[in-house]
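Structure data (compact mmCIF, C-alpha atoms) from work_5.txt:
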# COMPACT_ATOMS: atom_id res chain seq x y z
CA ALA W 1 119.29 137.49 111.59
CA GLN W 2 121.26 134.72 113.20
CA SER W 3 122.21 131.50 111.43
CA VAL W 4 124.13 128.41 112.46
CA SER W 5 125.92 125.98 110.20
CA GLN W 6 126.99 122.50 111.20
CA HIS W 7 129.24 120.99 108.61
CA ASN W 8 128.91 117.32 109.36
CA HIS W 9 125.45 115.84 109.14
CA HIS W 10 126.52 112.26 109.80
CA VAL W 11 129.67 111.13 111.54
CA ILE W 12 130.68 107.54 112.21
CA LEU W 13 133.58 106.81 114.53
CA SER W 14 135.02 103.88 116.38
CA GLU W 15 135.24 103.85 120.15
CA ALA W 16 138.26 105.70 121.54
CA ALA W 17 138.56 107.87 118.43
CA SER W 18 138.79 111.62 118.84
CA LEU W 19 135.84 113.76 117.88
CA GLU W 20 135.49 117.26 116.49
CA LEU W 21 132.16 118.61 115.26
CA GLY W 22 132.20 121.89 113.43
CA CYS W 23 129.88 124.80 114.11
CA ASN W 24 129.94 128.25 112.53
CA TYR W 25 127.50 131.03 113.22
CA SER W 26 126.51 134.25 111.59
CA TYR W 27 125.41 137.18 113.69
CA GLY W 28 126.32 140.83 113.84
CA GLY W 29 126.59 141.18 117.57
CA THR W 30 127.54 139.42 120.76
CA VAL W 31 126.29 135.87 121.01
CA ASN W 32 125.81 133.15 123.54
CA LEU W 33 126.82 129.75 122.20
CA PHE W 34 125.52 126.33 123.16
CA TRP W 35 125.93 122.68 122.32
CA TYR W 36 123.01 120.37 123.01
CA VAL W 37 122.81 116.59 122.79
CA GLN W 38 119.75 114.48 122.11
CA TYR W 39 120.08 110.80 122.91
CA PRO W 40 117.66 108.44 121.12
CA GLY W 41 114.17 108.89 122.49
CA GLN W 42 115.18 111.60 124.94
CA HIS W 43 114.87 115.37 125.17
CA LEU W 44 117.59 117.91 124.43
CA GLN W 45 120.23 118.24 127.12
CA LEU W 46 122.81 120.99 127.48
CA LEU W 47 126.40 119.84 127.00
CA LEU W 48 128.12 123.16 127.46
CA LYS W 49 127.74 126.89 126.90
CA TYR W 50 129.86 129.96 126.28
CA PHE W 51 128.90 133.49 127.23
CA SER W 52 132.20 135.28 127.80
CA GLY W 53 135.66 134.83 129.27
CA ASP W 54 137.87 131.83 128.59
CA PRO W 55 137.08 130.72 125.05
CA LEU W 56 137.76 127.11 125.90
CA VAL W 57 134.79 125.75 127.80
CA LYS W 58 134.39 122.35 129.36
CA GLY W 59 131.08 120.60 129.60
CA ILE W 60 129.64 117.38 130.84
CA LYS W 61 130.76 113.88 129.85
CA GLY W 62 134.24 114.98 128.80
CA PHE W 63 133.15 117.36 126.05
CA GLU W 64 134.73 120.73 125.43
CA ALA W 65 134.36 123.47 122.87
CA GLU W 66 136.46 126.39 121.75
CA PHE W 67 135.07 129.74 120.73
CA ILE W 68 137.17 131.39 118.00
CA LYS W 69 135.71 134.82 117.46
CA SER W 70 137.71 135.57 114.31
CA LYS W 71 136.34 132.45 112.66
CA PHE W 72 132.82 132.70 114.09
CA SER W 73 133.28 129.12 115.18
CA PHE W 74 132.41 127.04 118.23
CA ASN W 75 133.62 123.51 117.52
CA LEU W 76 132.84 120.65 119.86
CA ARG W 77 135.56 118.18 120.80
CA LYS W 78 136.06 115.02 122.80
CA PRO W 79 139.42 113.25 122.94
CA SER W 80 138.06 109.71 123.20
CA VAL W 81 134.48 108.84 122.35
CA GLN W 82 132.40 106.03 123.80
CA TRP W 83 129.58 103.97 122.38
CA SER W 84 127.22 105.85 124.71
CA ASP W 85 128.02 109.10 122.88
CA THR W 86 125.86 107.95 119.96
CA ALA W 87 123.32 110.76 119.64
CA GLU W 88 122.26 113.86 117.73
CA TYR W 89 124.32 116.98 118.50
CA PHE W 90 123.05 120.50 117.97
CA CYS W 91 124.93 123.78 118.02
CA ALA W 92 122.82 126.81 118.92
CA VAL W 93 123.15 130.55 119.49
CA ASN W 94 121.15 133.40 120.92
CA ALA W 95 121.82 137.07 121.37
CA GLY W 96 124.44 137.81 123.97
CA GLY W 97 124.10 140.47 126.57
CA SER W 98 120.55 139.47 127.44
CA PRO W 99 119.73 138.99 131.12
CA GLY W 100 120.80 135.38 131.31
CA GLY W 101 121.28 133.12 128.33
CA GLY W 102 117.84 131.68 128.80
CA ALA W 103 115.98 134.86 127.98
CA ASP W 104 116.05 134.64 124.19
CA GLY W 105 115.02 131.96 121.75
CA LEU W 106 117.73 129.83 120.19
CA THR W 107 118.78 129.50 116.59
CA PHE W 108 119.87 125.92 115.96
CA GLY W 109 122.09 124.26 113.42
CA LYS W 110 120.74 121.27 111.52
CA GLY W 111 122.42 118.83 113.82
CA THR W 112 125.03 116.12 113.49
CA HIS W 113 124.08 112.49 113.85
CA LEU W 114 126.99 110.78 115.57
CA ILE W 115 127.31 107.00 115.55
CA ILE W 116 129.98 105.32 117.62
CA GLN W 117 130.80 101.79 116.62
CA PRO W 118 131.97 99.41 119.36
CA GLY K 119 118.43 120.26 136.56
CA ALA K 120 114.99 121.66 135.92
CA VAL K 121 112.30 119.41 134.46
CA VAL K 122 109.90 120.29 131.69
CA SER K 123 107.11 118.00 130.57
CA GLN K 124 104.86 117.99 127.52
CA HIS K 125 101.49 116.42 126.99
CA PRO K 126 100.57 114.57 124.92
CA SER K 127 103.70 112.90 123.62
CA ARG K 128 101.92 111.86 120.44
CA VAL K 129 98.68 112.94 118.86
CA ILE K 130 96.94 111.98 115.65
CA CYS K 131 94.05 114.09 114.44
CA LYS K 132 91.90 114.61 111.40
CA SER K 133 92.40 117.54 109.08
CA GLY K 134 90.41 120.57 110.19
CA THR K 135 90.43 119.81 113.89
CA SER K 136 92.30 121.72 116.60
CA VAL K 137 94.93 120.22 118.84
CA LYS K 138 96.23 121.55 122.15
CA ILE K 139 99.72 120.77 123.43
CA GLU K 140 100.70 121.51 127.03
CA CYS K 141 104.13 122.42 128.31
CA ARG K 142 104.75 122.38 132.05
CA SER K 143 107.72 123.34 134.17
CA LEU K 144 107.59 120.85 137.04
CA ASP K 145 110.05 122.20 139.58
CA PHE K 146 110.57 125.86 138.78
CA GLN K 147 108.60 128.92 137.76
CA ALA K 148 109.04 129.58 134.08
CA THR K 149 108.52 133.22 133.25
CA THR K 150 109.53 132.56 129.66
CA MET K 151 108.61 129.62 127.49
CA PHE K 152 109.59 128.94 123.92
CA TRP K 153 107.95 126.82 121.24
CA TYR K 154 109.99 125.15 118.53
CA ARG K 155 109.10 123.01 115.57
CA GLN K 156 111.29 120.28 114.14
CA PHE K 157 110.76 118.73 110.73
CA PRO K 158 112.23 115.29 110.04
CA LYS K 159 116.01 115.38 109.77
CA GLN K 160 116.02 119.14 110.14
CA SER K 161 116.82 121.63 112.82
CA LEU K 162 114.59 123.06 115.50
CA MET K 163 112.96 126.28 114.36
CA LEU K 164 111.82 128.83 116.92
CA MET K 165 108.13 129.54 116.47
CA ALA K 166 107.36 131.91 119.32
CA THR K 167 108.38 133.22 122.70
CA SER K 168 105.84 133.60 125.46
CA ASN K 169 106.24 135.50 128.70
CA GLU K 170 103.84 134.76 131.51
CA GLY K 171 100.89 137.11 131.42
CA SER K 172 101.81 138.66 128.07
CA LYS K 173 100.99 137.99 124.46
CA ALA K 174 103.39 135.69 122.68
CA THR K 175 105.96 137.05 120.24
CA TYR K 176 105.92 135.11 117.01
CA GLU K 177 108.82 134.61 114.64
CA GLN K 178 108.52 135.83 111.09
CA GLY K 179 106.47 133.50 108.95
CA VAL K 180 104.61 131.86 111.85
CA GLU K 181 100.86 132.42 111.69
CA LYS K 182 99.70 133.65 115.08
CA ASP K 183 96.07 132.83 114.32
CA LYS K 184 96.96 129.26 113.48
CA PHE K 185 99.34 128.60 116.35
CA LEU K 186 97.69 130.02 119.45
CA ILE K 187 99.93 130.30 122.47
CA ASN K 188 98.75 130.88 126.02
CA HIS K 189 101.05 131.31 129.01
CA ALA K 190 98.61 132.03 131.77
CA SER K 191 100.64 130.70 134.68
CA LEU K 192 104.26 130.39 135.68
CA THR K 193 104.23 126.64 135.14
CA LEU K 194 102.06 126.14 132.08
CA SER K 195 102.08 127.21 128.47
CA THR K 196 99.83 125.79 125.78
CA LEU K 197 100.14 125.67 122.02
CA THR K 198 96.92 125.15 120.08
CA VAL K 199 97.19 124.23 116.44
CA THR K 200 93.90 125.42 114.97
CA SER K 201 92.30 123.84 111.91
CA ALA K 202 95.22 121.51 111.51
CA HIS K 203 96.29 120.32 108.08
CA PRO K 204 98.72 117.58 107.02
CA GLU K 205 101.47 120.15 106.48
CA ASP K 206 101.27 120.97 110.20
CA SER K 207 102.46 117.45 110.99
CA SER K 208 105.71 117.87 112.87
CA PHE K 209 107.52 117.50 116.16
CA TYR K 210 106.73 120.37 118.52
CA ILE K 211 109.14 121.06 121.37
CA CYS K 212 108.85 123.56 124.19
CA SER K 213 111.49 124.95 126.47
CA ALA K 214 111.33 127.02 129.62
CA SER K 215 113.48 129.50 131.45
CA SER K 216 113.29 132.01 134.27
CA PRO K 217 115.09 135.26 135.14
CA GLY K 218 118.79 134.87 135.61
CA ARG K 219 118.92 131.33 134.31
CA ASP K 220 121.53 130.98 131.63
CA GLU K 221 119.91 128.15 129.75
CA GLN K 222 116.57 126.84 128.59
CA PHE K 223 115.23 123.48 129.69
CA PHE K 224 113.58 121.42 127.03
CA GLY K 225 110.53 119.22 127.09
CA PRO K 226 110.49 115.80 125.42
CA GLY K 227 108.44 117.01 122.47
CA THR K 228 105.04 116.19 120.96
CA ARG K 229 104.67 114.33 117.68
CA LEU K 230 101.66 115.69 115.78
CA THR K 231 100.30 113.76 112.82
CA VAL K 232 97.43 115.27 110.86
CA LEU K 233 95.58 112.88 108.59
As structure tokens, what does this structure read like?
Amino acid sequence: AQSVSQHNHHVILSEAASLELGCNYSYGGTVNLFWYVQYPGQHLQLLLKYFSGDPLVKGIKGFEAEFIKSKFSFNLRKPSVQWSDTAEYFCAVNAGGSPGGGADGLTFGKGTHLIIQP
Amino acid sequence: GAVVSQHPSRVICKSGTSVKIECRSLDFQATTMFWYRQFPKQSLMLMATSNEGSKATYEQGVEKDKFLINHASLTLSTLTVTSAHPEDSSFYICSASSPGRDEQFFGPGTRLTVL
């Protein structure tokens, strides 16, 4: 069975600070990896995804993540955060190799509540 | 991006009644829809996967007779919580996908409160 661990449940940063949110997964096979964001009162939106290839993936709004297979990690980073980045961030995985990453249900981490102070 | 809606956004019901939640893909045909449940301050937990025209596949520990899922068309899936009890109070979220798409698109969720 798959599992996802997000180490930081609450993070508070000042604007312009750098961000790194940790995500580790447990699964015995190939995985697809995702980061989702949920702004207050809104639905989940995809930030970025990794299926294969270059382990450093870039997403929307200046976010990026690096897949490190040996560490089973997929940490999310942003060099300079903004007040508008205040949101809940979820790391998720599903089984890789499926016909498109959307074919299988996702296993989510518990989420990280990020607060950016002006 | 693709748009998924849910109705209702909030529902309050008495214990013992049944509640139906709709999930619609508005601008694409969703051959696969997923239902998740989110408890306060916790993660989303996959409840079931439904493919259009087929019976839903439930995750371990999810009662299929309590959480009835119907995916009769390519744009609509419904989740019916039968004989709801207070412990069923939660946030229910659906997502949708179609062949070849590499992500799921999420609805805004439905807050169920059972009194």
List as an mmCIF file with C-alpha atoms, in the coordinates of the input the protein and nucleic acid residues near range 124-132 of chain K, meaning an atom at most 7 Å away when all atoms listed in the file are counted, but skip any in the same chain fewer than 5 places from it.
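Saved as selection-v1.cif:
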data_model
loop_
_atom_site.group_PDB
_atom_site.id
_atom_site.type_symbol
_atom_site.label_atom_id
_atom_site.label_comp_id
_atom_site.auth_asym_id
_atom_site.auth_seq_id
_atom_site.Cartn_x
_atom_site.Cartn_y
_atom_site.Cartn_z
ATOM 1 C CA ILE K 139 99.720 120.770 123.430
ATOM 2 C CA GLU K 140 100.700 121.510 127.030
ATOM 3 C CA CYS K 141 104.130 122.420 128.310
ATOM 4 C CA ARG K 142 104.750 122.380 132.050
ATOM 5 C CA GLY K 225 110.530 119.220 127.090
ATOM 6 C CA PRO K 226 110.490 115.800 125.420
ATOM 7 C CA GLY K 227 108.440 117.010 122.470
ATOM 8 C CA THR K 228 105.040 116.190 120.960
ATOM 9 C CA ARG K 229 104.670 114.330 117.680
ATOM 10 C CA LEU K 230 101.660 115.690 115.780
ATOM 11 C CA THR K 231 100.300 113.760 112.820
ATOM 12 C CA VAL K 232 97.430 115.270 110.860
ATOM 13 C CA LEU K 233 95.580 112.880 108.590
#
Which chain W residues have any atom within 9 Å of an atom of chain K, and for each, what is the nearest pair of atoms with distance in Å to one decimal, counting all atoms listed in the file, rows sorted by chain and number, as CSV?
residue,atom,partner,partner_atom,distance
W:Phe34,CA,K:Glu221,CA,8.8
W:Gly41,CA,K:Pro226,CA,8.4
W:Gln42,CA,K:Pro226,CA,6.3
W:His43,CA,K:Pro226,CA,4.4
W:Leu44,CA,K:Phe224,CA,5.9
W:Gln45,CA,K:Phe224,CA,7.4
W:Leu46,CA,K:Glu221,CA,8.1
W:Lys49,CA,K:Glu221,CA,8.4
W:Phe51,CA,K:Asp220,CA,8.9
W:Phe90,CA,K:Ser161,CA,8.2
W:Pro99,CA,K:Gly218,CA,6.2
W:Gly100,CA,K:Asp220,CA,4.5
W:Gly101,CA,K:Asp220,CA,3.9
W:Gly102,CA,K:Glu221,CA,4.2
W:Ala103,CA,K:Ser215,CA,6.9
W:Asp104,CA,K:Thr167,CA,7.9
W:Gly105,CA,K:Phe152,CA,6.6
W:Leu106,CA,K:Leu164,CA,6.8
W:Thr107,CA,K:Leu164,CA,7.0
W:Phe108,CA,K:Leu162,CA,6.0
W:Gly109,CA,K:Ser161,CA,5.9
W:Lys110,CA,K:Ser161,CA,4.1
W:Gly111,CA,K:Ser161,CA,6.3
Exercise for the section: Kindly give the distance, in Å, that separates CA of Leu114 in chain W and CA of Phe74 in chain W, rounded to a single decimal. Expected result: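 Pair CA of Leu114 in chain W / CA of Phe74 in chain W returns 17.3 Å.
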Practice task
Determine, counting only C-alpha atoms, which protein, DNA and RNA residues have an atom within 7 Å of an atom of range 191-201 of chain K; residues of the same chain fewer than 6 positions away are not included. Present the result as a list in words.
Solution key: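 Residues meeting the cut-off are Ser133, Gly134, Thr135, Ser136, Val137, Lys138, Ile139, Glu140, Cys141, Arg142, Ser143, Leu144, Gln147, Ala148, Thr149, Glu170, Lys184 and Phe185 of chain K.
Distances here use all atoms listed in the file; by that measure, the residue among K:Thr175, K:Arg155, K:His189, K:Phe146 closest to Cys212 in chain K is K:Arg155.
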Practice task
Would you mind telling me which residue in W:Val81, W:Leu19, W:Val37, W:Ile68 lies nearest to Gly53 in chain W when using all atoms listed in the file?
Solution key: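 For Gly53 in chain W, the nearest of the candidates is W:Ile68.
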Exercise for the section: Grab the CA of Trp35 in chain W to CA of Ala92 in chain W distance for me, in Å with one decimal place. Expected result: 6.2 Å
Problem - Length of the CA of Val31 in chain W to CA of Val121 in chain K vector [Å] - result: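 According to the coordinates, CA of Val31 in chain W and CA of Val121 in chain K are separated by 25.4 Å.
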Leaving out Glu88 in chain W and any residue of its chain fewer than 3 positions from it, which residues lie within 6 Å of it when counting only C-alpha atoms, given as a PDB file with C-alpha atoms, in the coordinates of the input?
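Generated output (part_37.pdb):
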ATOM      1  CA  VAL W  37     122.810 116.590 122.790  1.00  0.00           C
ATOM      2  CA  GLN W  38     119.750 114.480 122.110  1.00  0.00           C
ATOM      3  CA  THR W 112     125.030 116.120 113.490  1.00  0.00           C
ATOM      4  CA  HIS W 113     124.080 112.490 113.850  1.00  0.00           C
TER       5      HIS W 113
END
At a cut-off of 9 Å, using all atoms listed in the file, what residues contact Pro79 in chain W? Leave out same-chain residues fewer than 2 positions from it and give the result as a compact mmCIF listing (two decimals) with C-alpha atoms, in the coordinates of the input.
# COMPACT_ATOMS: atom_id res chain seq x y z
CA ALA W 16 138.26 105.70 121.54
CA ALA W 17 138.56 107.87 118.43
CA SER W 18 138.79 111.62 118.84
CA LEU W 19 135.84 113.76 117.88
CA GLU W 20 135.49 117.26 116.49
CA GLY W 62 134.24 114.98 128.80
CA PHE W 63 133.15 117.36 126.05
CA ARG W 77 135.56 118.18 120.80
CA VAL W 81 134.48 108.84 122.35
Handout entry: Neighbour residues at most 7 Å from (133.4, 123.4, 110.0) (all atoms listed in the file) as a PyMOL selection string
Key = chain W and resi 6-7+22-24
Using 6 Å of padding on each side, determine the axis-aligned box around all atoms of range 161-173 of chain K present in the file and give its centre and edge lengths in Å to one decimal, as JSON.
{"center_x": 108.9, "center_y": 130.1, "center_z": 122.2, "size_x": 27.9, "size_y": 29.0, "size_z": 30.7}
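When all atoms listed in the file are used to compute distances to Lys61 in chain W, the closest of the residues W:Leu47, W:Ile115, W:Leu13, W:Val4 turns out to be W:Leu47.
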Practice task
Might you pull out every residue within 7 Å of Ser3 in chain W, with all atoms listed in the file counted and same-chain residues fewer than 3 positions away left off, and present them as a list of chain:residue names?
Solution key: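 Everything that qualifies: W:Tyr25, W:Ser26, W:Tyr27, W:Thr107.
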Could you write out that same residue set with C-alpha atoms as an mmCIF file, in the coordinates of the input?
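Final output, saved to out00.cif:
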data_model
loop_
_atom_site.group_PDB
_atom_site.id
_atom_site.type_symbol
_atom_site.label_atom_id
_atom_site.label_comp_id
_atom_site.auth_asym_id
_atom_site.auth_seq_id
_atom_site.Cartn_x
_atom_site.Cartn_y
_atom_site.Cartn_z
ATOM 1 C CA TYR W 25 127.500 131.030 113.220
ATOM 2 C CA SER W 26 126.510 134.250 111.590
ATOM 3 C CA TYR W 27 125.410 137.180 113.690
ATOM 4 C CA THR W 107 118.780 129.500 116.590
#
Working from the structure I just supplied, which lacks atoms in range 60-71 of chain W, can you model all heavy atoms there and output them as a PDB file, keeping the file's coordinate frame?
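For reference, result-v4.pdb as written:
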ATOM      1  N   ILE W  60     129.833 118.669 130.202  1.00  0.00           N
ATOM      2  CA  ILE W  60     129.640 117.380 130.840  1.00  0.00           C
ATOM      3  C   ILE W  60     130.170 116.263 129.948  1.00  0.00           C
ATOM      4  O   ILE W  60     130.394 116.455 128.743  1.00  0.00           O
ATOM      5  CB  ILE W  60     128.157 117.131 131.147  1.00  0.00           C
ATOM      6  CG1 ILE W  60     127.311 117.163 129.860  1.00  0.00           C
ATOM      7  CG2 ILE W  60     127.643 118.184 132.124  1.00  0.00           C
ATOM      8  CD1 ILE W  60     125.870 116.740 130.053  1.00  0.00           C
ATOM      9  N   LYS W  61     130.400 115.115 130.559  1.00  0.00           N
ATOM     10  CA  LYS W  61     130.760 113.880 129.850  1.00  0.00           C
ATOM     11  C   LYS W  61     132.044 114.012 129.028  1.00  0.00           C
ATOM     12  O   LYS W  61     132.201 113.337 128.011  1.00  0.00           O
ATOM     13  CB  LYS W  61     129.599 113.427 128.951  1.00  0.00           C
ATOM     14  CG  LYS W  61     128.301 113.280 129.717  1.00  0.00           C
ATOM     15  CD  LYS W  61     127.197 112.648 128.916  1.00  0.00           C
ATOM     16  CE  LYS W  61     125.942 112.569 129.782  1.00  0.00           C
ATOM     17  NZ  LYS W  61     124.880 111.758 129.182  1.00  0.00           N
ATOM     18  N   GLY W  62     132.937 114.872 129.453  1.00  0.00           N
ATOM     19  CA  GLY W  62     134.240 114.980 128.800  1.00  0.00           C
ATOM     20  C   GLY W  62     134.279 115.827 127.549  1.00  0.00           C
ATOM     21  O   GLY W  62     135.290 115.887 126.865  1.00  0.00           O
ATOM     22  N   PHE W  63     133.191 116.495 127.231  1.00  0.00           N
ATOM     23  CA  PHE W  63     133.150 117.360 126.050  1.00  0.00           C
ATOM     24  C   PHE W  63     133.725 118.731 126.363  1.00  0.00           C
ATOM     25  O   PHE W  63     133.637 119.223 127.484  1.00  0.00           O
ATOM     26  CB  PHE W  63     131.715 117.507 125.547  1.00  0.00           C
ATOM     27  CG  PHE W  63     131.183 116.290 124.852  1.00  0.00           C
ATOM     28  CD1 PHE W  63     130.490 115.322 125.564  1.00  0.00           C
ATOM     29  CD2 PHE W  63     131.382 116.115 123.490  1.00  0.00           C
ATOM     30  CE1 PHE W  63     130.008 114.184 124.931  1.00  0.00           C
ATOM     31  CE2 PHE W  63     130.888 114.981 122.847  1.00  0.00           C
ATOM     32  CZ  PHE W  63     130.201 114.014 123.570  1.00  0.00           C
ATOM     33  N   GLU W  64     134.277 119.348 125.340  1.00  0.00           N
ATOM     34  CA  GLU W  64     134.730 120.730 125.430  1.00  0.00           C
ATOM     35  C   GLU W  64     134.506 121.405 124.088  1.00  0.00           C
ATOM     36  O   GLU W  64     134.296 120.741 123.065  1.00  0.00           O
ATOM     37  CB  GLU W  64     136.219 120.795 125.818  1.00  0.00           C
ATOM     38  CG  GLU W  64     137.171 120.220 124.788  1.00  0.00           C
ATOM     39  CD  GLU W  64     138.629 120.356 125.198  1.00  0.00           C
ATOM     40  OE1 GLU W  64     138.932 120.306 126.401  1.00  0.00           O
ATOM     41  OE2 GLU W  64     139.460 120.517 124.293  1.00  0.00           O
ATOM     42  N   ALA W  65     134.530 122.727 124.115  1.00  0.00           N
ATOM     43  CA  ALA W  65     134.360 123.470 122.870  1.00  0.00           C
ATOM     44  C   ALA W  65     135.212 124.733 122.955  1.00  0.00           C
ATOM     45  O   ALA W  65     135.439 125.270 124.042  1.00  0.00           O
ATOM     46  CB  ALA W  65     132.895 123.834 122.649  1.00  0.00           C
ATOM     47  N   GLU W  66     135.632 125.190 121.800  1.00  0.00           N
ATOM     48  CA  GLU W  66     136.460 126.390 121.750  1.00  0.00           C
ATOM     49  C   GLU W  66     135.793 127.440 120.881  1.00  0.00           C
ATOM     50  O   GLU W  66     135.440 127.186 119.719  1.00  0.00           O
ATOM     51  CB  GLU W  66     137.844 126.072 121.186  1.00  0.00           C
ATOM     52  CG  GLU W  66     138.779 127.285 121.202  1.00  0.00           C
ATOM     53  CD  GLU W  66     140.179 126.966 120.755  1.00  0.00           C
ATOM     54  OE1 GLU W  66     140.404 125.862 120.207  1.00  0.00           O
ATOM     55  OE2 GLU W  66     141.067 127.824 120.935  1.00  0.00           O
ATOM     56  N   PHE W  67     135.628 128.608 121.449  1.00  0.00           N
ATOM     57  CA  PHE W  67     135.070 129.740 120.730  1.00  0.00           C
ATOM     58  C   PHE W  67     136.219 130.484 120.062  1.00  0.00           C
ATOM     59  O   PHE W  67     137.150 130.950 120.732  1.00  0.00           O
ATOM     60  CB  PHE W  67     134.329 130.661 121.700  1.00  0.00           C
ATOM     61  CG  PHE W  67     133.915 131.983 121.124  1.00  0.00           C
ATOM     62  CD1 PHE W  67     133.155 132.051 119.965  1.00  0.00           C
ATOM     63  CD2 PHE W  67     134.263 133.176 121.751  1.00  0.00           C
ATOM     64  CE1 PHE W  67     132.752 133.269 119.440  1.00  0.00           C
ATOM     65  CE2 PHE W  67     133.870 134.405 121.235  1.00  0.00           C
ATOM     66  CZ  PHE W  67     133.121 134.449 120.078  1.00  0.00           C
ATOM     67  N   ILE W  68     136.176 130.608 118.734  1.00  0.00           N
ATOM     68  CA  ILE W  68     137.170 131.390 118.000  1.00  0.00           C
ATOM     69  C   ILE W  68     136.418 132.509 117.317  1.00  0.00           C
ATOM     70  O   ILE W  68     135.764 132.315 116.278  1.00  0.00           O
ATOM     71  CB  ILE W  68     137.947 130.526 116.979  1.00  0.00           C
ATOM     72  CG1 ILE W  68     138.624 129.360 117.693  1.00  0.00           C
ATOM     73  CG2 ILE W  68     138.989 131.384 116.268  1.00  0.00           C
ATOM     74  CD1 ILE W  68     139.410 128.428 116.768  1.00  0.00           C
ATOM     75  N   LYS W  69     136.514 133.687 117.904  1.00  0.00           N
ATOM     76  CA  LYS W  69     135.710 134.820 117.460  1.00  0.00           C
ATOM     77  C   LYS W  69     136.030 135.194 116.004  1.00  0.00           C
ATOM     78  O   LYS W  69     135.125 135.498 115.233  1.00  0.00           O
ATOM     79  CB  LYS W  69     135.945 136.016 118.366  1.00  0.00           C
ATOM     80  CG  LYS W  69     135.036 137.198 118.108  1.00  0.00           C
ATOM     81  CD  LYS W  69     135.253 138.290 119.136  1.00  0.00           C
ATOM     82  CE  LYS W  69     134.315 139.464 118.893  1.00  0.00           C
ATOM     83  NZ  LYS W  69     134.520 140.543 119.897  1.00  0.00           N
ATOM     84  N   SER W  70     137.301 135.155 115.649  1.00  0.00           N
ATOM     85  CA  SER W  70     137.710 135.570 114.310  1.00  0.00           C
ATOM     86  C   SER W  70     137.170 134.638 113.230  1.00  0.00           C
ATOM     87  O   SER W  70     137.032 135.032 112.075  1.00  0.00           O
ATOM     88  CB  SER W  70     139.239 135.631 114.217  1.00  0.00           C
ATOM     89  OG  SER W  70     139.796 134.348 114.471  1.00  0.00           O
ATOM     90  N   LYS W  71     136.866 133.423 113.619  1.00  0.00           N
ATOM     91  CA  LYS W  71     136.340 132.450 112.660  1.00  0.00           C
ATOM     92  C   LYS W  71     134.856 132.212 112.843  1.00  0.00           C
ATOM     93  O   LYS W  71     134.270 131.385 112.136  1.00  0.00           O
ATOM     94  CB  LYS W  71     137.090 131.118 112.816  1.00  0.00           C
ATOM     95  CG  LYS W  71     138.559 131.179 112.451  1.00  0.00           C
ATOM     96  CD  LYS W  71     139.200 129.803 112.528  1.00  0.00           C
ATOM     97  CE  LYS W  71     140.672 129.851 112.111  1.00  0.00           C
ATOM     98  NZ  LYS W  71     141.311 128.504 112.181  1.00  0.00           N
TER      99      LYS W  71
END
